[in-house]
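Shown below: target09.cif, with mmCIF, C-alpha atoms.
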data_query
#
loop_
_atom_site.label_atom_id
_atom_site.label_comp_id
_atom_site.auth_asym_id
_atom_site.auth_seq_id
_atom_site.Cartn_x
_atom_site.Cartn_y
_atom_site.Cartn_z
CA MET A 1 -43.39 142.45 119.23
CA SER A 2 -41.95 141.13 122.47
CA GLU A 3 -38.84 139.39 121.15
CA HIS A 4 -35.69 139.94 123.16
CA THR A 5 -32.02 139.08 122.86
CA GLU A 6 -30.29 137.00 125.52
CA SER A 7 -29.29 140.17 127.35
CA GLY A 8 -32.89 141.33 127.42
CA VAL A 9 -32.67 143.96 124.69
CA HIS A 10 -35.84 144.55 122.75
CA VAL A 11 -35.91 143.25 119.19
CA ALA A 12 -38.40 144.80 116.80
CA SER A 13 -40.51 142.18 115.02
CA MET A 14 -40.48 141.90 111.26
CA ARG A 15 -44.19 142.52 111.16
CA LEU A 16 -43.78 145.81 112.99
CA LEU A 17 -40.90 146.97 110.77
CA VAL A 18 -42.79 146.15 107.57
CA THR A 19 -45.95 147.84 108.85
CA ILE A 20 -44.07 151.02 109.74
CA MET A 21 -42.38 151.05 106.34
CA ILE A 22 -45.72 150.70 104.54
CA VAL A 23 -47.29 153.44 106.68
CA LEU A 24 -44.34 155.71 105.85
CA MET A 25 -44.80 155.03 102.12
CA ILE A 26 -48.50 155.82 102.38
CA GLY A 27 -47.56 158.99 104.25
CA THR A 28 -45.28 160.01 101.39
CA TRP A 29 -48.04 159.41 98.86
CA LEU A 30 -50.39 161.43 101.06
CA THR A 31 -47.97 164.35 101.33
CA VAL A 32 -47.67 164.53 97.55
CA SER A 33 -51.38 164.14 96.81
CA VAL A 34 -52.40 166.71 99.40
CA THR A 35 -50.52 169.37 97.44
CA HIS A 36 -53.01 168.96 94.59
CA PHE A 37 -55.71 170.48 96.77
CA ASP A 38 -55.76 174.08 97.78
CA PHE A 39 -56.39 174.55 101.47
CA GLY A 40 -54.87 178.01 101.45
CA PHE A 41 -52.51 178.64 104.33
CA LEU A 42 -53.43 175.23 105.79
CA ASN A 43 -51.51 173.39 103.07
CA ILE A 44 -48.13 173.90 104.68
CA TRP A 45 -49.45 172.89 108.09
CA ILE A 46 -51.07 169.72 106.74
CA GLY A 47 -47.79 168.88 104.99
CA LEU A 48 -45.75 169.57 108.11
CA GLY A 49 -48.21 167.53 110.17
CA ILE A 50 -47.83 164.47 107.94
CA ALA A 51 -44.04 164.89 107.80
CA THR A 52 -43.88 165.14 111.58
CA ALA A 53 -46.09 162.07 111.99
CA LYS A 54 -43.66 160.21 109.71
CA ALA A 55 -40.67 161.47 111.68
CA ILE A 56 -42.31 160.35 114.95
CA LEU A 57 -42.93 156.86 113.51
CA VAL A 58 -39.30 156.62 112.41
CA GLY A 59 -38.15 157.79 115.85
CA LEU A 60 -40.43 155.56 117.89
CA TYR A 61 -40.08 152.32 115.98
CA PHE A 62 -37.12 152.35 113.57
CA MET A 63 -34.96 154.18 116.11
CA HIS A 64 -36.36 152.17 119.01
CA LEU A 65 -37.18 155.22 121.11
CA ARG A 66 -40.35 153.52 122.29
CA TRP A 67 -38.33 150.88 124.15
CA ASP A 68 -35.31 153.05 124.85
CA LYS A 69 -34.47 154.98 127.98
CA PRO A 70 -36.73 158.05 128.05
CA PHE A 71 -33.70 160.26 128.53
CA ASN A 72 -32.50 159.53 124.99
CA ALA A 73 -35.85 160.65 123.62
CA PHE A 74 -35.64 163.72 125.83
CA VAL A 75 -32.24 164.64 124.36
CA PHE A 76 -33.48 164.23 120.80
CA VAL A 77 -36.79 166.01 121.27
CA SER A 78 -35.10 168.88 123.10
CA ALA A 79 -33.08 169.56 119.94
CA PHE A 80 -36.36 170.06 118.08
CA ALA A 81 -37.70 172.22 120.89
CA PHE A 82 -34.69 174.52 120.71
CA LEU A 83 -34.97 174.59 116.94
CA ALA A 84 -38.60 175.68 117.30
CA LEU A 85 -37.48 178.48 119.63
CA PHE A 86 -34.78 179.50 117.17
CA ILE A 87 -37.21 179.61 114.25
CA GLY A 88 -39.93 181.30 116.29
CA PHE A 89 -37.73 184.12 117.53
CA ALA A 90 -36.10 184.62 114.15
CA LEU A 91 -39.54 184.96 112.56
CA MET A 92 -40.76 187.36 115.24
CA ASP A 93 -37.68 189.45 114.74
CA SER A 94 -37.82 189.62 110.96
CA ALA A 95 -41.57 190.31 111.00
CA HIS A 96 -40.84 193.27 113.22
CA TYR A 97 -38.83 195.31 110.77
CA GLN A 98 -39.93 193.83 107.45
CA ASP A 99 -42.32 196.72 106.69
CA VAL A 100 -39.35 199.05 106.81
CA ILE A 101 -37.52 197.01 104.16
CA ILE A 102 -40.49 196.10 101.96
CA PRO A 103 -43.03 198.94 101.69
CA GLY A 104 -46.55 197.75 102.35
CA TRP A 105 -45.49 194.41 103.87
CA PRO A 106 -47.31 192.12 104.57
CA LEU A 107 -48.84 192.25 101.15
CA GLY A 108 -51.67 189.79 101.81
CA MET B 1 -6.64 147.89 122.91
CA ALA B 2 -9.14 145.24 123.80
CA ALA B 3 -6.71 142.51 122.87
CA GLN B 4 -4.40 143.52 125.71
CA HIS B 5 -6.99 142.56 128.25
CA HIS B 6 -7.52 139.08 127.00
CA ASP B 7 -5.45 137.63 129.78
CA ASP B 8 -7.36 139.41 132.50
CA GLY B 9 -10.33 137.23 131.84
CA HIS B 10 -12.16 140.29 130.56
CA ASP B 11 -14.67 140.32 127.79
CA PRO B 12 -12.59 141.79 124.92
CA ASN B 13 -15.63 143.75 123.83
CA LEU B 14 -16.01 145.47 127.19
CA ALA B 15 -13.86 148.52 127.85
CA HIS B 16 -12.25 148.69 131.25
CA HIS B 17 -14.03 151.80 132.42
CA PHE B 18 -17.47 150.20 132.06
CA GLU B 19 -19.05 147.98 134.63
CA SER B 20 -21.11 145.91 132.22
CA SER B 21 -21.68 145.65 128.51
CA GLU B 22 -25.16 146.97 129.08
CA GLN B 23 -23.71 150.12 130.66
CA GLN B 24 -21.27 150.38 127.77
CA ARG B 25 -24.08 150.05 125.26
CA GLN B 26 -26.21 152.64 126.99
CA SER B 27 -23.30 155.10 127.12
CA ALA B 28 -22.65 154.67 123.42
CA LYS B 29 -26.33 155.23 122.78
CA LEU B 30 -26.53 158.40 124.84
CA GLY B 31 -23.46 159.73 123.06
CA MET B 32 -25.08 158.95 119.73
CA TRP B 33 -28.33 160.67 120.66
CA LEU B 34 -26.41 163.75 121.76
CA PHE B 35 -24.61 163.76 118.42
CA LEU B 36 -27.93 163.42 116.58
CA ALA B 37 -29.31 166.37 118.58
CA THR B 38 -26.38 168.47 117.31
CA GLU B 39 -27.12 167.23 113.80
CA ILE B 40 -30.68 168.55 114.08
CA LEU B 41 -29.33 171.90 115.23
CA PHE B 42 -26.69 171.83 112.47
CA PHE B 43 -29.44 171.61 109.86
CA GLY B 44 -31.52 173.90 112.06
CA GLY B 45 -29.61 176.98 111.00
CA LEU B 46 -30.52 176.28 107.39
CA PHE B 47 -34.14 175.64 108.29
CA VAL B 48 -34.21 179.02 110.02
CA ALA B 49 -32.79 180.72 106.93
CA TYR B 50 -35.40 178.91 104.87
CA THR B 51 -38.30 179.86 107.14
CA VAL B 52 -37.36 183.51 107.49
CA TYR B 53 -36.77 183.95 103.77
CA ARG B 54 -39.92 182.09 102.79
CA GLY B 55 -41.96 184.00 105.35
CA ASN B 56 -40.85 187.31 103.90
CA HIS B 57 -40.64 186.36 100.22
CA PRO B 58 -43.04 183.48 99.52
CA GLU B 59 -43.11 184.31 95.79
CA VAL B 60 -39.45 183.36 95.45
CA PHE B 61 -40.23 179.86 96.72
CA VAL B 62 -43.36 179.40 94.64
CA PHE B 63 -41.29 180.35 91.61
CA GLY B 64 -38.26 178.23 92.50
CA ALA B 65 -40.24 175.09 93.34
CA HIS B 66 -41.46 175.01 89.72
CA PHE B 67 -37.99 173.98 88.69
CA LEU B 68 -37.81 170.99 91.02
CA ASP B 69 -39.13 167.65 89.85
CA THR B 70 -41.65 166.36 92.39
CA ALA B 71 -41.53 162.86 90.88
CA LEU B 72 -37.77 162.61 91.39
CA GLY B 73 -38.07 164.05 94.88
CA ALA B 74 -40.79 161.53 95.75
CA LEU B 75 -38.69 158.72 94.28
CA ASN B 76 -35.80 159.69 96.53
CA THR B 77 -38.12 159.83 99.53
CA VAL B 78 -39.29 156.29 98.79
CA VAL B 79 -35.69 155.12 98.35
CA LEU B 80 -34.64 156.64 101.68
CA ILE B 81 -37.64 155.27 103.58
CA PHE B 82 -36.92 151.84 102.17
CA SER B 83 -33.27 152.14 103.20
CA SER B 84 -34.40 153.15 106.69
CA PHE B 85 -36.39 149.96 106.74
CA THR B 86 -33.44 147.81 105.61
CA ILE B 87 -31.08 149.31 108.19
CA ALA B 88 -33.70 148.87 110.96
CA TRP B 89 -33.96 145.26 109.82
CA ALA B 90 -30.16 145.06 109.90
CA VAL B 91 -30.21 146.02 113.59
CA ARG B 92 -32.66 143.20 114.20
CA ALA B 93 -30.43 140.79 112.25
CA ALA B 94 -27.39 141.88 114.30
CA GLN B 95 -29.34 141.39 117.52
CA LEU B 96 -30.34 137.90 116.44
CA LYS B 97 -26.81 137.10 115.17
CA GLN B 98 -28.04 136.56 111.60
CA ILE B 99 -24.67 137.62 110.20
CA LYS B 100 -25.23 136.69 106.58
CA LEU B 101 -28.56 138.49 106.48
CA LEU B 102 -26.94 141.44 108.25
CA LYS B 103 -24.33 141.69 105.52
CA TRP B 104 -26.91 141.76 102.76
CA LEU B 105 -29.05 144.29 104.57
CA ILE B 106 -26.10 146.65 105.00
CA ILE B 107 -25.31 146.24 101.30
CA ALA B 108 -28.95 146.89 100.39
CA THR B 109 -28.96 150.06 102.46
CA MET B 110 -25.77 151.19 100.75
CA LEU B 111 -27.26 150.54 97.34
CA CYS B 112 -30.22 152.70 98.31
CA ALA B 113 -27.82 155.44 99.38
CA PHE B 114 -26.11 155.25 95.98
CA ALA B 115 -29.49 155.27 94.21
CA PHE B 116 -30.41 158.39 96.16
CA LEU B 117 -27.21 160.11 95.09
CA GLY B 118 -27.77 158.95 91.51
CA VAL B 119 -31.18 160.61 91.39
CA LYS B 120 -29.66 163.67 93.04
CA TYR B 121 -27.02 163.71 90.30
CA VAL B 122 -29.73 163.73 87.63
CA GLU B 123 -31.44 166.62 89.38
CA TYR B 124 -28.27 168.62 89.97
CA SER B 125 -27.07 168.22 86.40
CA ALA B 126 -30.41 169.49 85.07
CA LYS B 127 -30.04 172.56 87.31
CA TRP B 128 -26.49 172.96 86.12
CA LYS B 129 -27.55 172.77 82.48
CA HIS B 130 -30.16 175.46 82.98
CA GLY B 131 -27.95 177.69 85.08
CA LEU B 132 -30.28 177.40 88.05
CA LEU B 133 -27.51 177.67 90.57
CA TRP B 134 -26.70 179.38 93.82
CA ALA B 135 -26.15 183.10 94.36
CA GLY B 136 -23.63 184.51 91.88
CA ALA B 137 -23.66 181.41 89.69
CA TYR B 138 -27.40 181.85 89.01
CA ASN B 139 -27.79 182.44 85.29
CA PRO B 140 -30.97 180.81 83.97
CA HIS B 141 -30.89 179.95 80.29
CA VAL B 142 -32.18 177.39 77.85
CA ASP B 143 -29.75 174.70 76.94
CA HIS B 144 -28.67 175.39 73.37
CA GLU B 145 -29.18 171.88 72.01
CA GLU B 146 -32.55 171.59 73.70
CA ALA B 147 -33.67 174.91 72.29
CA SER B 148 -32.66 174.13 68.72
CA ALA B 149 -34.32 170.74 68.92
CA LEU B 150 -37.52 172.37 70.03
CA ILE B 151 -37.37 174.90 67.29
CA GLU B 152 -37.08 172.07 64.78
CA VAL B 153 -40.16 170.39 66.19
CA ASP B 154 -41.97 173.64 65.80
CA GLY B 155 -41.31 173.42 62.08
CA GLU B 156 -39.94 176.91 61.95
CA ILE B 157 -36.49 178.11 61.26
CA HIS B 158 -35.08 180.54 63.70
CA THR B 159 -31.61 181.89 63.31
CA ASN B 160 -31.28 181.95 67.01
CA GLU B 161 -27.68 181.67 68.08
CA GLY B 162 -26.70 181.27 71.69
CA ASP B 163 -28.87 180.93 74.72
CA VAL B 164 -31.89 182.96 75.54
CA SER B 165 -31.66 184.12 79.09
CA ILE B 166 -34.32 185.59 81.28
CA HIS B 167 -32.03 188.48 81.91
CA GLU B 168 -31.63 189.25 78.25
CA ILE B 169 -35.38 189.29 77.84
CA GLU B 170 -35.75 191.54 80.83
CA GLU B 171 -33.34 193.96 79.30
CA VAL B 172 -35.16 193.94 76.00
CA GLN B 173 -38.65 194.18 77.40
CA PRO B 174 -38.85 197.89 78.17
CA VAL B 175 -37.91 198.65 74.58
CA ALA B 176 -40.61 196.32 73.33
CA GLU B 177 -43.20 198.39 75.09
CA GLY B 178 -41.93 201.45 73.24
CA GLU B 179 -41.72 201.80 69.50
CA ILE B 180 -39.40 199.17 68.07
CA VAL B 181 -41.34 195.97 67.89
CA GLU B 182 -40.16 193.80 64.99
CA PRO B 183 -36.66 192.61 65.88
CA ILE B 184 -37.58 191.88 69.46
CA ALA B 185 -40.63 189.86 68.51
CA VAL B 186 -38.34 187.47 66.64
CA GLU B 187 -36.21 187.09 69.71
CA LEU B 188 -39.12 186.28 71.93
CA GLU B 189 -40.75 183.86 69.52
CA VAL B 190 -38.33 181.25 70.76
CA ASP B 191 -40.01 181.37 74.07
CA PRO B 192 -43.37 179.68 73.43
CA ALA B 193 -41.51 176.87 71.71
CA VAL B 194 -39.49 176.29 74.80
CA VAL B 195 -42.58 176.41 76.95
CA VAL B 196 -43.99 173.28 75.31
CA ALA B 197 -40.82 171.38 76.17
CA ASP B 198 -42.05 167.84 76.80
CA PRO B 199 -44.59 168.45 79.53
CA ASP B 200 -45.12 164.71 79.98
CA LYS B 201 -41.52 163.79 80.52
CA SER B 202 -40.70 165.93 83.46
CA THR B 203 -42.22 168.59 85.60
CA ILE B 204 -38.99 170.55 85.51
CA ALA B 205 -40.10 173.66 83.73
CA PRO B 206 -37.76 175.10 81.17
CA ALA B 207 -35.76 177.90 82.63
CA ALA B 208 -36.20 180.64 80.11
CA ARG B 209 -39.92 181.00 79.95
CA GLY B 210 -39.75 184.72 80.32
CA PRO B 211 -42.39 187.09 81.55
CA GLU B 212 -45.86 185.59 81.51
CA GLY B 213 -47.39 188.11 79.15
CA LEU B 214 -44.96 187.14 76.43
CA ALA B 215 -45.61 183.44 76.55
CA GLY B 216 -48.20 183.50 73.78
CA PRO B 217 -51.94 182.73 73.89
CA ALA B 218 -51.68 179.03 73.03
CA GLU B 219 -50.82 178.21 76.62
CA GLU B 220 -53.00 175.48 78.06
CA ALA B 221 -51.50 173.92 81.16
CA ASP B 222 -51.75 176.97 83.34
CA HIS B 223 -51.21 174.84 86.44
CA ASP B 224 -47.59 174.45 85.46
CA LEU B 225 -47.26 177.99 84.29
CA VAL B 226 -44.20 179.55 85.76
CA PRO B 227 -44.95 182.96 87.17
CA VAL B 228 -42.86 185.98 86.40
CA GLU B 229 -39.42 185.58 87.87
CA PRO B 230 -39.44 187.46 91.14
CA LEU B 231 -36.58 189.54 92.39
CA ASN B 232 -33.83 187.48 93.98
CA ALA B 233 -35.12 184.14 92.71
CA ARG B 234 -31.54 182.99 93.06
CA VAL B 235 -31.97 182.87 96.82
CA PHE B 236 -34.22 179.84 96.43
CA PHE B 237 -31.48 177.99 94.60
CA SER B 238 -28.87 179.04 97.14
CA ILE B 239 -31.03 177.59 99.91
CA TYR B 240 -31.88 174.54 97.81
CA PHE B 241 -28.25 173.69 97.14
CA MET B 242 -27.13 174.40 100.70
CA MET B 243 -29.81 172.19 102.23
CA THR B 244 -29.75 169.31 99.76
CA GLY B 245 -25.96 169.59 99.50
CA LEU B 246 -25.43 169.30 103.24
CA HIS B 247 -27.89 166.42 103.26
CA GLY B 248 -26.06 164.78 100.35
CA ILE B 249 -22.79 165.00 102.28
CA HIS B 250 -24.53 163.20 105.11
CA VAL B 251 -25.61 160.47 102.70
CA LEU B 252 -21.96 160.10 101.68
CA GLY B 253 -21.05 159.90 105.37
CA GLY B 254 -23.64 157.18 105.77
CA ILE B 255 -22.08 155.19 102.92
CA ALA B 256 -18.68 155.51 104.60
CA ALA B 257 -20.16 154.35 107.91
CA MET B 258 -21.75 151.33 106.24
CA LEU B 259 -18.47 150.41 104.55
CA TRP B 260 -16.95 150.49 108.01
CA LEU B 261 -19.73 148.20 109.25
CA LEU B 262 -18.93 145.74 106.48
CA LYS B 263 -15.28 145.81 107.54
CA CYS B 264 -16.29 145.14 111.14
CA LEU B 265 -18.53 142.33 109.96
CA ARG B 266 -15.66 140.68 108.09
CA ARG B 267 -13.55 140.96 111.20
CA GLY B 268 -16.23 139.06 113.10
CA ASP B 269 -17.20 141.91 115.40
CA PHE B 270 -20.87 141.02 115.29
CA ASP B 271 -20.53 137.29 115.77
CA GLY B 272 -21.17 137.48 119.49
CA GLY B 273 -24.35 139.51 119.10
CA HIS B 274 -22.64 142.86 119.70
CA PHE B 275 -24.94 145.04 117.69
CA THR B 276 -24.05 148.48 119.08
CA LYS B 277 -22.09 149.57 116.01
CA VAL B 278 -24.91 148.60 113.67
CA ASP B 279 -27.35 150.31 116.00
CA MET B 280 -25.37 153.59 115.98
CA VAL B 281 -25.04 153.73 112.21
CA ALA B 282 -28.74 152.90 111.89
CA LEU B 283 -29.68 155.77 114.21
CA TYR B 284 -27.59 158.14 112.11
CA TRP B 285 -29.15 156.86 108.92
CA HIS B 286 -32.68 157.34 110.27
CA VAL B 287 -31.88 160.98 111.02
CA VAL B 288 -30.71 161.42 107.42
CA ASP B 289 -34.08 159.98 106.41
CA ILE B 290 -36.05 162.24 108.77
CA ILE B 291 -34.28 165.36 107.48
CA TRP B 292 -35.02 164.37 103.90
CA ILE B 293 -38.71 163.90 104.73
CA TYR B 294 -38.78 167.58 105.67
CA LEU B 295 -36.58 168.74 102.79
CA PHE B 296 -38.84 167.01 100.28
CA LEU B 297 -41.89 168.72 101.71
CA LEU B 298 -40.36 172.16 102.09
CA LEU B 299 -38.46 172.40 98.81
CA TYR B 300 -40.40 170.32 96.28
CA LEU B 301 -44.00 170.56 97.40
CA ILE B 302 -44.62 174.29 97.32
CA ASP B 303 -47.63 175.34 95.33
#

Re-express the file's structure as C-alpha cells.
Amino acid sequence: MSEHTESGVHVASMRLLVTIMIVLMIGTWLTVSVTHFDFGFLNIWIGLGIATAKAILVGLYFMHLRWDKPFNAFVFVSAFAFLALFIGFALMDSAHYQDVIIPGWPLG
Amino acid sequence: MAAQHHDDGHDPNLAHHFESSEQQRQSAKLGMWLFLATEILFFGGLFVAYTVYRGNHPEVFVFGAHFLDTALGALNTVVLIFSSFTIAWAVRAAQLKQIKLLKWLIIATMLCAFAFLGVKYVEYSAKWKHGLLWAGAYNPHVDHEEASALIEVDGEIHTNEGDVSIHEIEEVQPVAEGEIVEPIAVELEVDPAVVVADPDKSTIAPAARGPEGLAGPAEEADHDLVPVEPLNARVFFSIYFMMTGLHGIHVLGGIAAMLWLLKCLRRGDFDGGHFTKVDMVALYWHVVDIIWIYLFLLLYLID
C-alpha cells in the first residue's frame, strides 16, 4: 500500500484495488437483496446508506482522495453538501403547499 | 506548443507558467475536481426533481419501477464497477510506466462502457416496444406479435386486432360496470394471457395489465403484481429517461475520452510516466460509476 513513483506520488497496490472492487460487488449484491425485505420507510435509507458507502469507497481509494490534497476532497464533498441543501429546501417547500394541491395529503 | 520550448532546455511536458511538474499536476487535478463538482450539481437538478416528485407521488414510482428489469440494472452496475476497477488499475499502470498493460486496461474499460450501453439498448428498446416513454410519447400497449403469441399459447382463439392499451381499457371500464357486459369481457380476456408473459425470463412486467380487478382470479405471483396505473405514471418514465439518458451521454463521453487516451498512448505521451491524462479520465469515469450506483438504487430498486 505504500508504493510510490519516482516523484513520490502514491501508487495504489493491486491488492487494495482488487479488495475495493470485491467489496463494491458485495455492496451491489447487498443493495439488491435488501429490497426483498420490508423494513418500511427504512428501506430507502438502508439502500442510500449502502450506496453512499460504495461511493465513499470509490472516492477514497479508486479516486485516490485518501492520499490526495484534502482540498480536492473538500471541493467534491461540498458539491454533495450543496446538493443536500437543494434537495432539502425543495422538499420543505413542496411539502408546504402539497395539501392544497392534493386534498388530504399526506395520505399515510 | 510544448515542442517550441525544446531548445530552452525545458521539459516538453511542463508548461511555462508552472514551476514544477508536480504543481502542474496538482493544478490539473484541482481543475478536474472542480469540474466533477459541477457534474454532481448538473445531475443534482434531476435528483431534486426525482426526490420532490417521489416524495409527493410515491405510487407513481412504485408502479413505474415494476417495468424496469432489476437483473439488467444489477448487471450494468457490476459492469460499471468492474470498469472503475480497470481504469483505477490503468492509473497504476501509467504511474509505473507499464505501457502495454495500460493500453489493454484502457481497452477493457472501453469494452465495459460499450457493454453498459448494449444492456441499456436492450432496456430502452423494450420500453420503446411497450410505449413506456417520456411525457407525451407515453402510450403503454402490448406488442402485437407478443400478444398474439401469448394468445396462441393459451390455446384460445381471439380475434383481437391491434394493441390493447391501458387507456382503451380505462375508457371501456365504466361501461363494464353498467349494463353491457359481453363484448367488453371479450376485450379484457386478452389481459390475463398477457399477465402470464414469461415470468421467468424477465421481471419486466407486460405493459397492458390493466386494472387489478380485471386481471382474473388465477393470479399467483402477487409480488410481481402491477398495481393499478396511477395518474401521471408517465412522469416516472420522463424522469427515468432524463436521468439514465444524461448518464448514458456521459458514458459516451467516457468512451470518447478513452479513445483520446489511446491516441495519446500511441503518441508516446505516457512513456515518461506522465500519468495525469489517465488520472483525469479515470476520475471522470469513477464519477459516472458513482452516479450510476445511485441511479440503480433509486430507479430500479423501488418496492

Reference answer for the PyMOL selection byres ((chain A and resi 42-55) around 10), as a PyMOL selection string: (chain A and resi 20-21+23-28+30-32+34-41+56-60+62) or (chain B and resi 81+286-287+289-298+301-303)

Taking all atoms listed in the file into account, find every residue of chain B that has an atom no more than 9 Å from chain A, and write it out as a PDB file with C-alpha atoms, keeping the file's coordinate frame.
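The file below, out37.pdb, is the result:
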ATOM      1  CA  GLU B  22     -25.160 146.970 129.080  1.00  0.00           C
ATOM      2  CA  GLN B  26     -26.210 152.640 126.990  1.00  0.00           C
ATOM      3  CA  LYS B  29     -26.330 155.230 122.780  1.00  0.00           C
ATOM      4  CA  LEU B  30     -26.530 158.400 124.840  1.00  0.00           C
ATOM      5  CA  TRP B  33     -28.330 160.670 120.660  1.00  0.00           C
ATOM      6  CA  LEU B  34     -26.410 163.750 121.760  1.00  0.00           C
ATOM      7  CA  LEU B  36     -27.930 163.420 116.580  1.00  0.00           C
ATOM      8  CA  ALA B  37     -29.310 166.370 118.580  1.00  0.00           C
ATOM      9  CA  THR B  38     -26.380 168.470 117.310  1.00  0.00           C
ATOM     10  CA  GLU B  39     -27.120 167.230 113.800  1.00  0.00           C
ATOM     11  CA  ILE B  40     -30.680 168.550 114.080  1.00  0.00           C
ATOM     12  CA  LEU B  41     -29.330 171.900 115.230  1.00  0.00           C
ATOM     13  CA  GLY B  44     -31.520 173.900 112.060  1.00  0.00           C
ATOM     14  CA  GLY B  45     -29.610 176.980 111.000  1.00  0.00           C
ATOM     15  CA  PHE B  47     -34.140 175.640 108.290  1.00  0.00           C
ATOM     16  CA  VAL B  48     -34.210 179.020 110.020  1.00  0.00           C
ATOM     17  CA  ALA B  49     -32.790 180.720 106.930  1.00  0.00           C
ATOM     18  CA  THR B  51     -38.300 179.860 107.140  1.00  0.00           C
ATOM     19  CA  VAL B  52     -37.360 183.510 107.490  1.00  0.00           C
ATOM     20  CA  GLY B  55     -41.960 184.000 105.350  1.00  0.00           C
ATOM     21  CA  ASN B  56     -40.850 187.310 103.900  1.00  0.00           C
ATOM     22  CA  THR B  70     -41.650 166.360  92.390  1.00  0.00           C
ATOM     23  CA  ALA B  74     -40.790 161.530  95.750  1.00  0.00           C
ATOM     24  CA  THR B  77     -38.120 159.830  99.530  1.00  0.00           C
ATOM     25  CA  VAL B  78     -39.290 156.290  98.790  1.00  0.00           C
ATOM     26  CA  ILE B  81     -37.640 155.270 103.580  1.00  0.00           C
ATOM     27  CA  PHE B  82     -36.920 151.840 102.170  1.00  0.00           C
ATOM     28  CA  SER B  84     -34.400 153.150 106.690  1.00  0.00           C
ATOM     29  CA  PHE B  85     -36.390 149.960 106.740  1.00  0.00           C
ATOM     30  CA  ILE B  87     -31.080 149.310 108.190  1.00  0.00           C
ATOM     31  CA  ALA B  88     -33.700 148.870 110.960  1.00  0.00           C
ATOM     32  CA  TRP B  89     -33.960 145.260 109.820  1.00  0.00           C
ATOM     33  CA  VAL B  91     -30.210 146.020 113.590  1.00  0.00           C
ATOM     34  CA  ARG B  92     -32.660 143.200 114.200  1.00  0.00           C
ATOM     35  CA  GLN B  95     -29.340 141.390 117.520  1.00  0.00           C
ATOM     36  CA  LEU B  96     -30.340 137.900 116.440  1.00  0.00           C
ATOM     37  CA  GLY B 273     -24.350 139.510 119.100  1.00  0.00           C
ATOM     38  CA  ASP B 279     -27.350 150.310 116.000  1.00  0.00           C
ATOM     39  CA  ALA B 282     -28.740 152.900 111.890  1.00  0.00           C
ATOM     40  CA  LEU B 283     -29.680 155.770 114.210  1.00  0.00           C
ATOM     41  CA  HIS B 286     -32.680 157.340 110.270  1.00  0.00           C
ATOM     42  CA  VAL B 287     -31.880 160.980 111.020  1.00  0.00           C
ATOM     43  CA  ASP B 289     -34.080 159.980 106.410  1.00  0.00           C
ATOM     44  CA  ILE B 290     -36.050 162.240 108.770  1.00  0.00           C
ATOM     45  CA  ILE B 291     -34.280 165.360 107.480  1.00  0.00           C
ATOM     46  CA  ILE B 293     -38.710 163.900 104.730  1.00  0.00           C
ATOM     47  CA  TYR B 294     -38.780 167.580 105.670  1.00  0.00           C
ATOM     48  CA  LEU B 297     -41.890 168.720 101.710  1.00  0.00           C
ATOM     49  CA  LEU B 298     -40.360 172.160 102.090  1.00  0.00           C
ATOM     50  CA  LEU B 301     -44.000 170.560  97.400  1.00  0.00           C
ATOM     51  CA  ILE B 302     -44.620 174.290  97.320  1.00  0.00           C
ATOM     52  CA  ASP B 303     -47.630 175.340  95.330  1.00  0.00           C
TER      53      ASP B 303
END

Can you tell me which residues surround B:Asp269 at a distance of at most 12 Å, considering all atoms listed in the file, apart from same-chain residues fewer than 4 positions away, and format the answer as a JSON list (two decimals) with C-alpha atoms, in the coordinates of the input?
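What ended up in part-v3.json:
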[["chain", "number", "residue", "atom", "x", "y", "z"],
["B", 12, "PRO", "CA", -12.59, 141.79, 124.92],
["B", 13, "ASN", "CA", -15.63, 143.75, 123.83],
["B", 94, "ALA", "CA", -27.39, 141.88, 114.30],
["B", 97, "LYS", "CA", -26.81, 137.10, 115.17],
["B", 99, "ILE", "CA", -24.67, 137.62, 110.20],
["B", 260, "TRP", "CA", -16.95, 150.49, 108.01],
["B", 261, "LEU", "CA", -19.73, 148.20, 109.25],
["B", 262, "LEU", "CA", -18.93, 145.74, 106.48],
["B", 263, "LYS", "CA", -15.28, 145.81, 107.54],
["B", 264, "CYS", "CA", -16.29, 145.14, 111.14],
["B", 265, "LEU", "CA", -18.53, 142.33, 109.96],
["B", 273, "GLY", "CA", -24.35, 139.51, 119.10],
["B", 274, "HIS", "CA", -22.64, 142.86, 119.70],
["B", 275, "PHE", "CA", -24.94, 145.04, 117.69],
["B", 276, "THR", "CA", -24.05, 148.48, 119.08],
["B", 277, "LYS", "CA", -22.09, 149.57, 116.01],
["B", 278, "VAL", "CA", -24.91, 148.60, 113.67]]

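Residue neighbourhood of B:Leu111, excluding near-sequence residues (fewer than 4 positions): Ser83, Ile106, Ile107, Ala115, Phe116 and Ile255 of chain B, at 9 Å, using all atoms listed in the file.
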
Residues matched by the PyMOL selection byres ((chain B and resi 72) around 12) as a PyMOL selection string: (chain A and resi 32) or (chain B and resi 67-71+73-79+115-124+126+201-204+296+300-301)

Taking C-alpha atoms for each residue, export the selection above as a CSV table (one decimal), in the frame of the given file.
chain,number,residue,atom,x,y,z
A,32,VAL,CA,-47.7,164.5,97.6
B,67,PHE,CA,-38.0,174.0,88.7
B,68,LEU,CA,-37.8,171.0,91.0
B,69,ASP,CA,-39.1,167.6,89.8
B,70,THR,CA,-41.6,166.4,92.4
B,71,ALA,CA,-41.5,162.9,90.9
B,73,GLY,CA,-38.1,164.0,94.9
B,74,ALA,CA,-40.8,161.5,95.8
B,75,LEU,CA,-38.7,158.7,94.3
B,76,ASN,CA,-35.8,159.7,96.5
B,77,THR,CA,-38.1,159.8,99.5
B,78,VAL,CA,-39.3,156.3,98.8
B,79,VAL,CA,-35.7,155.1,98.4
B,115,ALA,CA,-29.5,155.3,94.2
B,116,PHE,CA,-30.4,158.4,96.2
B,117,LEU,CA,-27.2,160.1,95.1
B,118,GLY,CA,-27.8,159.0,91.5
B,119,VAL,CA,-31.2,160.6,91.4
B,120,LYS,CA,-29.7,163.7,93.0
B,121,TYR,CA,-27.0,163.7,90.3
B,122,VAL,CA,-29.7,163.7,87.6
B,123,GLU,CA,-31.4,166.6,89.4
B,124,TYR,CA,-28.3,168.6,90.0
B,126,ALA,CA,-30.4,169.5,85.1
B,201,LYS,CA,-41.5,163.8,80.5
B,202,SER,CA,-40.7,165.9,83.5
B,203,THR,CA,-42.2,168.6,85.6
B,204,ILE,CA,-39.0,170.6,85.5
B,296,PHE,CA,-38.8,167.0,100.3
B,300,TYR,CA,-40.4,170.3,96.3
B,301,LEU,CA,-44.0,170.6,97.4
